[in-house]
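Step one of this worksheet: look at the structure below.
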Amino acid sequence: NARLHKSRMPNIKVLSGTSHPDLAQRIVDRLGIDLGKVVTKKFSNLEICVKIGESVRTEDVCKVQSGSGEVNDNLMELLIMIDACKIASASRVTAVIPFFPYARQDKKDESRAPISAKMVANMLSVAGGDHIITMDLHASQIQGFFDIPVDNLYAEPAVLKWIKENITEWRNSIIVSLDAGAVKRVIYIADRLNVKFALIHKERKKANEVASIVLVGDVEDRVAILVDDMSDTCGTVCHAAKKLTEAGATKVYATLTYGIFSGPAISNINNACFETVVVTNTIPQD
């Protein structure tokens, strides 16, 4: 009985923001505890107001808030929730951020460009966060932006499980990286499946627009499984699927940690040659 665990965790509170209440509910169901009470509203000028609906004094508080959807509102809501718990004498505050916002802005890649991921890290620390739990950071160096502990969880075990349970021809598959940054992840999966891997090299004209794609590796007569951490408008992953099909792949799957799916993403996927596109529940999907 999961409820038996409640007696072992008397000082833990899990609070949910408005970005992903379903995930927060699944977490407390697994822990066998109740979801903490939080009231969130907006004033007429759209300022966010958060009230913690129960005592958190001396409690170890975990706040679940994904950096998706209305990103700026959700980030501000999380910061206010952290501050509210600190003011209410919580002993420790952990921010559970399945999808870390602004992670793509992790370095100064041109003159006068901001490093927004570092700024977000600073904001979370200043608000009173003691610990961060996130998943598949877009750039691993983001962990070093914090002066507090950061646990960066990985999706690979879940991806491996899904592949073995849902792709009958997985032994004749090839794992394909969508860029050089994902190669380590792809090699990990390919090694554990004992299959080969390939690489898609892409050159961008600008953000969300790919100029050219080059395939490195032989995918002919194999099931191609694209692996990446995120897809926004899905232009790159759809171009990659077309390239793999033209190169002789029998089927094309895509597994993504984050399905952001902005703008024409769903239309792009529906018009592409995918067998299946799979995402985690780090971001809520309608």
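Convention: chains lettered A, B, ... in structure tokens order; per-chain residue numbering from 1; ligands numbered from 1 as shown.
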
Next item on the list: Extract, using only C-alpha atoms, all DNA, RNA and protein residues at most 7 Å from Val279 of chain A, discarding same-chain residues fewer than 2 positions from it, and format them as a PyMOL selection string.
Entry: chain A and resi 255-259+277+281

For segment 127-139 of chain A: contacts at 7 Å, only C-alpha atoms, fewer than 6 positions along chain excluded, given as a PDB file with C-alpha atoms, in the first residue's frame:
ATOM      1  CA  LEU A  79      10.035  32.150  -7.922  1.00  0.00           C
ATOM      2  CA  ILE A  82       9.851  29.559  -3.453  1.00  0.00           C
ATOM      3  CA  ASP A  83       9.955  32.946  -1.733  1.00  0.00           C
ATOM      4  CA  LYS A  86      11.000  30.593   2.672  1.00  0.00           C
ATOM      5  CA  ARG A  92      14.366  23.363   2.724  1.00  0.00           C
ATOM      6  CA  VAL A  93      12.943  24.233  -0.677  1.00  0.00           C
ATOM      7  CA  THR A  94      13.505  22.044  -3.735  1.00  0.00           C
ATOM      8  CA  ALA A  95      12.426  23.230  -7.170  1.00  0.00           C
ATOM      9  CA  VAL A  96      11.433  20.312  -9.401  1.00  0.00           C
ATOM     10  CA  ILE A  97      11.690  21.735 -12.926  1.00  0.00           C
ATOM     11  CA  PRO A  98      11.184  18.918 -15.461  1.00  0.00           C
ATOM     12  CA  PHE A  99      11.833  21.305 -18.375  1.00  0.00           C
ATOM     13  CA  PHE A 100      14.352  24.004 -17.467  1.00  0.00           C
ATOM     14  CA  ALA A 103      18.191  26.350 -21.371  1.00  0.00           C
ATOM     15  CA  ARG A 104      18.923  27.024 -25.044  1.00  0.00           C
ATOM     16  CA  ASP A 106      23.423  28.715 -22.232  1.00  0.00           C
ATOM     17  CA  ILE A 148      23.280  25.033  -4.883  1.00  0.00           C
ATOM     18  CA  PRO A 149      22.940  21.280  -5.588  1.00  0.00           C
ATOM     19  CA  VAL A 150      21.462  20.346  -8.972  1.00  0.00           C
ATOM     20  CA  ASP A 151      20.289  16.847  -9.895  1.00  0.00           C
ATOM     21  CA  ASN A 152      20.056  16.439 -13.660  1.00  0.00           C
ATOM     22  CA  LEU A 153      18.069  13.275 -14.387  1.00  0.00           C
ATOM     23  CA  TYR A 154      18.279  11.456 -17.715  1.00  0.00           C
ATOM     24  CA  ALA A 155      15.593  10.037 -19.993  1.00  0.00           C
ATOM     25  CA  ASP A 229      16.359  16.184 -26.011  1.00  0.00           C
TER      26      ASP A 229
END

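Between Gly263 of chain A and the residues A:Thr168, A:Asn74, A:Thr233, A:Ser91, the shortest atom-to-atom distance, using only C-alpha atoms, involves A:Thr233.
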
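Atom CA of Asp232 of chain A is positioned 26.8 Å from atom CA of Lys196 of chain A.
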
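Straight-line separation from atom CA of Asp286 of chain A to atom CA of Leu75 of chain A: 20.6 Å.
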
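Computed from the coordinates, the atom CA of Arg57 of chain A to atom CA of Ala90 of chain A distance equals 4.7 Å.
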
Next item on the list: Please report, as an MDAnalysis selection string, each residue of segment 4-96 of chain A to which DSSP assigns alpha helix (DSSP H) when run on this structure's backbone.
Entry: chainID A and resid 21:31 71:87

Pick out the residues sitting within 10 Å of Leu178 of chain A, and hand them over as a compact mmCIF listing (two decimals) with C-alpha atoms, in the first residue's frame; count only C-alpha atoms, and ignore anything fewer than 5 positions along from it in its own chain.
# COMPACT_ATOMS: atom_id res chain seq x y z
CA VAL A 183 26.01 11.88 -29.62
CA VAL A 186 22.82 8.13 -28.66
CA ALA A 198 24.45 7.42 -37.04
CA LEU A 199 24.71 11.20 -36.95
CA ILE A 200 22.73 13.97 -38.59
CA HIS A 201 24.81 17.11 -39.13
CA LYS A 202 22.74 20.25 -39.56
CA ILE A 213 21.34 18.30 -43.42
CA LEU A 215 23.71 12.06 -42.79
CA LEU A 226 15.95 9.52 -33.91
CA VAL A 227 16.91 10.60 -30.39
CA ASP A 228 17.08 14.19 -29.13
CA ASP A 229 16.36 16.18 -26.01
CA THR A 236 14.81 19.71 -37.97
CA VAL A 237 13.42 16.36 -36.88
CA ALA A 240 15.94 14.39 -40.68

Next item on the list: Find, counting only C-alpha atoms, the residue in A:Glu203, A:Glu156, A:Asp218, A:Glu165 that gets nearest to Ala182 of chain A.
Entry: A:Glu156

Checklist line | All residues 12 Å or closer to Thr18 of chain A, only C-alpha atoms, same chain fewer than 5 positions away omitted, as a list in words | finding: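 Residues near the query, excluding close chain neighbours: Leu23, Ala24, Gln25, Val38, Val39, Thr40, Lys41, Lys42, Ile48, Val50, Lys63, Val64, Gln65, Ser66, Gly67, Ser68, Gly69, Glu70, Val71, Asp73, Asn74, Leu75, Met76, Glu77, Leu78, Met81 and Pro284 of chain A.
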
Next item on the list: Would you please give, as a list in words, all residues of segment 51-179 of chain A that DSSP assigns to strand (DSSP E or B) based on the backbone?
Entry: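 These are the residues in question: Lys51, Ile52, Asp60, Val61, Cys62, Lys63, Val64, Arg92, Val93, Thr94, Ala95, Val96, Ile97, His131, Ile132, Ile133, Thr134, Met135, Val150, Asp151, Asn152, Leu153, Ser173, Ile174, Ile175, Val176 and Ser177 of chain A.
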
Margin query: Could you check the closest approach to Ser177 of chain A for each of A:His20, A:Arg222, A:Asn271, A:Ile189 and tell me which residue wins, using only C-alpha atoms?
Written below: A:Ile189

Notebook entry, point to check: For Asp221 of chain A, which residue among A:Ala254, A:Ser262, A:Lys242, A:Asn172 is the nearest when counting only C-alpha atoms?
Noted result: A:Asn172
